[in-house]
Amino acid sequence: MRLSRSRIGVVVLFGAMTLTLTALAFPAVLGLDKTDGNQNRVVASTKFGPLTEADRDFVVKVRAAGLWEYPLGEMVMRRGTTKAMKTAGEHLVVGHAGLDAMCREISPELGITLPNRASPQQEGFVASVDARTGGDFDSAAVNIMRVTHGQIFPAIARIRASTKNTLVRQLADLANDTVLDHITVLERTGLVRYDEVTFKQTGPAKLPREKVTPPPPQPGERVLVLRPRPDLDVNTASPTPTPSPAAP
């Protein structure tokens, strides 16, 4: 059966849209939860301890997470429709500014080149949320971020348990506190769809590596700084647990 040129175009367009929607429906920090190669291979010997591929990937991915969650946090601060949403946005901005500062501090010591852009998939998350309004905006932002934070949480624990590098260990400690805080404030919005989130965390779509890898900076490109926000009175360490519904 022969297809006309116009029908071929429709099929190609539909296929591209399907791939995009699948990527957004199954957000995943694939560089952390499913890495390629021998992640235990030592790639550098430093005065802070050996640096493995997994250690290096972790630092890069923490940096990349901030490159999309920080601007999304700013967006949520401006456009969130509830106080809980705006609070979540503040925590995202402050938390990732702190993580970014540590990544920029330790990367020269470890010989790690940091990206200045998030991965194409992560930039797609931001564009998807930005295209929505009102309560739909709130729900999309909360659930995309709750899935990605839920995926990176166990990855942080694996790095913290296995790394022999003291700087990577310090970053993992800060990341653990920050991600737990972000999960907590996202859940306090009341918008997390837990069954859907659990399914997406455990069954992410398999995407081409170039879609989930942050592009390297251009030669001579200045390191992008996520601006600290001391004007926001926010503590992103040791979050207060959400009270149990059974508590009096």
# chains A, B, ... in the order shown; residues from 1 in each chain; ligands from 1
>>> select_by_dssp(residues="range 1-239 of chain A", states="helix (DSSP H, G or I)", output="VMD selection string")
chain A and resid 5 to 25 30 to 33 53 to 79 83 to 110 120 to 130 134 to 162 166 to 187 194 to 202 209 to 212
>>> residues_around(residues="range 63-78 of chain A", least_positions_apart="2", cutoff="6 Å", atoms="only C-alpha atoms", output="list of chain:residue names")
A:Val60, A:Lys61, A:Gly80, A:Lys86, A:Gly89, A:Leu92, A:Val93, A:His96, A:Asp100, A:Ala118
>>> residues_around(residues="Val59 in chain A", least_positions_apart="3", cutoff="9 Å", atoms="only C-alpha atoms", output="JSON list (two decimals) with N, CA, C and O atoms, in the first residue's frame")
[["chain", "number", "residue", "atom", "x", "y", "z"],
["A", 54, "ALA", "N", 31.05, 6.46, 38.56],
["A", 54, "ALA", "CA", 29.79, 6.74, 39.23],
["A", 54, "ALA", "C", 29.86, 8.05, 40.01],
["A", 54, "ALA", "O", 28.91, 8.84, 40.01],
["A", 55, "ASP", "N", 30.99, 8.30, 40.67],
["A", 55, "ASP", "CA", 31.17, 9.55, 41.40],
["A", 55, "ASP", "C", 31.09, 10.74, 40.45],
["A", 55, "ASP", "O", 30.40, 11.74, 40.73],
["A", 56, "ARG", "N", 31.81, 10.64, 39.35],
["A", 56, "ARG", "CA", 31.83, 11.75, 38.38],
["A", 56, "ARG", "C", 30.45, 11.99, 37.81],
["A", 56, "ARG", "O", 29.99, 13.14, 37.70],
["A", 62, "VAL", "N", 23.87, 16.00, 39.47],
["A", 62, "VAL", "CA", 23.36, 16.94, 40.47],
["A", 62, "VAL", "C", 23.36, 18.35, 39.90],
["A", 62, "VAL", "O", 22.40, 19.11, 40.06],
["A", 63, "ARG", "N", 24.43, 18.69, 39.21],
["A", 63, "ARG", "CA", 24.50, 20.00, 38.54],
["A", 63, "ARG", "C", 23.38, 20.14, 37.50],
["A", 63, "ARG", "O", 22.68, 21.15, 37.45],
["A", 64, "ALA", "N", 23.20, 19.11, 36.68],
["A", 64, "ALA", "CA", 22.19, 19.17, 35.62],
["A", 64, "ALA", "C", 20.79, 19.28, 36.20],
["A", 64, "ALA", "O", 19.93, 19.96, 35.63],
["A", 103, "CYS", "N", 28.69, 21.93, 43.85],
["A", 103, "CYS", "CA", 29.19, 21.30, 42.61],
["A", 103, "CYS", "C", 30.28, 22.15, 41.98],
["A", 103, "CYS", "O", 31.32, 21.63, 41.54],
["A", 106, "ILE", "N", 33.58, 21.90, 44.17],
["A", 106, "ILE", "CA", 34.36, 20.66, 44.19],
["A", 106, "ILE", "C", 34.81, 20.20, 42.81],
["A", 106, "ILE", "O", 35.78, 19.45, 42.69],
["A", 107, "SER", "N", 34.12, 20.64, 41.76],
["A", 107, "SER", "CA", 34.46, 20.12, 40.42],
["A", 107, "SER", "C", 35.89, 20.44, 39.99],
["A", 107, "SER", "O", 36.56, 19.56, 39.42],
["A", 112, "ILE", "N", 36.43, 17.69, 37.18],
["A", 112, "ILE", "CA", 35.16, 17.39, 36.52],
["A", 112, "ILE", "C", 34.68, 18.62, 35.77],
["A", 112, "ILE", "O", 34.64, 19.73, 36.33],
["A", 114, "LEU", "N", 31.66, 20.63, 34.30],
["A", 114, "LEU", "CA", 30.22, 20.71, 34.55],
["A", 114, "LEU", "C", 29.48, 21.21, 33.31],
["A", 114, "LEU", "O", 29.99, 22.08, 32.59],
["A", 168, "VAL", "N", 32.78, 13.94, 47.23],
["A", 168, "VAL", "CA", 31.55, 13.35, 46.68],
["A", 168, "VAL", "C", 30.62, 12.95, 47.83],
["A", 168, "VAL", "O", 29.40, 13.10, 47.76],
["A", 171, "LEU", "N", 28.85, 16.02, 49.05],
["A", 171, "LEU", "CA", 27.79, 16.40, 48.12],
["A", 171, "LEU", "C", 26.58, 15.48, 48.28],
["A", 171, "LEU", "O", 25.43, 15.95, 48.25],
["A", 172, "ALA", "N", 26.84, 14.19, 48.46],
["A", 172, "ALA", "CA", 25.73, 13.25, 48.64],
["A", 172, "ALA", "C", 24.96, 13.56, 49.91],
["A", 172, "ALA", "O", 23.72, 13.45, 49.95]]
>>> closest_residue(among="A:Leu207, A:Pro154, A:Ser128, A:Asp195", to="Ala141 in chain A", atoms="only C-alpha atoms")
A:Ser128
>>> atom_distance(atom1="CA of Tyr194 in chain A", atom2="CA of Ala97 in chain A")
27.6 Å
>>> closest_atom_pairs(of="range 105-179 of chain A", to="range 213-223 of chain A", cutoff="10 Å", atoms="only C-alpha atoms", output="CSV")
residue,atom,partner,partner_atom,distance
A:Thr113,CA,A:Pro216,CA,7.8
A:Leu114,CA,A:Pro216,CA,7.3
A:Pro115,CA,A:Pro216,CA,5.1
A:Asn116,CA,A:Pro217,CA,5.9
A:Arg117,CA,A:Pro214,CA,6.1
A:Ala118,CA,A:Pro214,CA,5.0
A:Ser119,CA,A:Pro214,CA,4.0
A:Pro120,CA,A:Pro214,CA,7.2
A:Gln121,CA,A:Thr213,CA,8.4
A:Gln122,CA,A:Pro214,CA,8.8
A:Glu123,CA,A:Pro214,CA,9.9
>>> write_last_selection(atoms="N, CA, C and O atoms", output="compact mmCIF listing (two decimals), in the first residue's frame")
# COMPACT_ATOMS: atom_id res chain seq x y z
N THR A 113 34.31 18.45 34.51
CA THR A 113 33.74 19.53 33.71
C THR A 113 32.22 19.51 33.89
O THR A 113 31.57 18.49 33.63
N LEU A 114 31.66 20.63 34.30
CA LEU A 114 30.22 20.71 34.55
C LEU A 114 29.48 21.21 33.31
O LEU A 114 29.99 22.08 32.59
N PRO A 115 28.27 20.71 33.08
CA PRO A 115 27.46 21.23 31.97
C PRO A 115 26.87 22.58 32.34
O PRO A 115 26.74 22.93 33.52
N ASN A 116 26.50 23.34 31.32
CA ASN A 116 25.80 24.61 31.51
C ASN A 116 24.35 24.54 31.06
O ASN A 116 23.61 25.52 31.17
N ARG A 117 23.96 23.37 30.54
CA ARG A 117 22.57 23.15 30.14
C ARG A 117 22.11 21.80 30.66
O ARG A 117 22.90 20.87 30.77
N ALA A 118 20.83 21.72 30.96
CA ALA A 118 20.24 20.44 31.32
C ALA A 118 20.14 19.57 30.08
O ALA A 118 20.42 20.01 28.95
N SER A 119 19.76 18.32 30.26
CA SER A 119 19.59 17.42 29.12
C SER A 119 18.36 17.84 28.30
O SER A 119 17.47 18.53 28.81
N PRO A 120 18.28 17.43 27.03
CA PRO A 120 17.08 17.73 26.24
C PRO A 120 15.80 17.24 26.90
O PRO A 120 14.77 17.92 26.85
N GLN A 121 15.85 16.07 27.54
CA GLN A 121 14.66 15.57 28.22
C GLN A 121 14.26 16.49 29.37
O GLN A 121 13.08 16.82 29.53
N GLN A 122 15.23 16.94 30.16
CA GLN A 122 14.93 17.82 31.28
C GLN A 122 14.40 19.16 30.81
O GLN A 122 13.48 19.72 31.41
N GLU A 123 14.96 19.70 29.73
CA GLU A 123 14.43 20.94 29.18
C GLU A 123 13.00 20.74 28.68
O GLU A 123 12.18 21.66 28.74
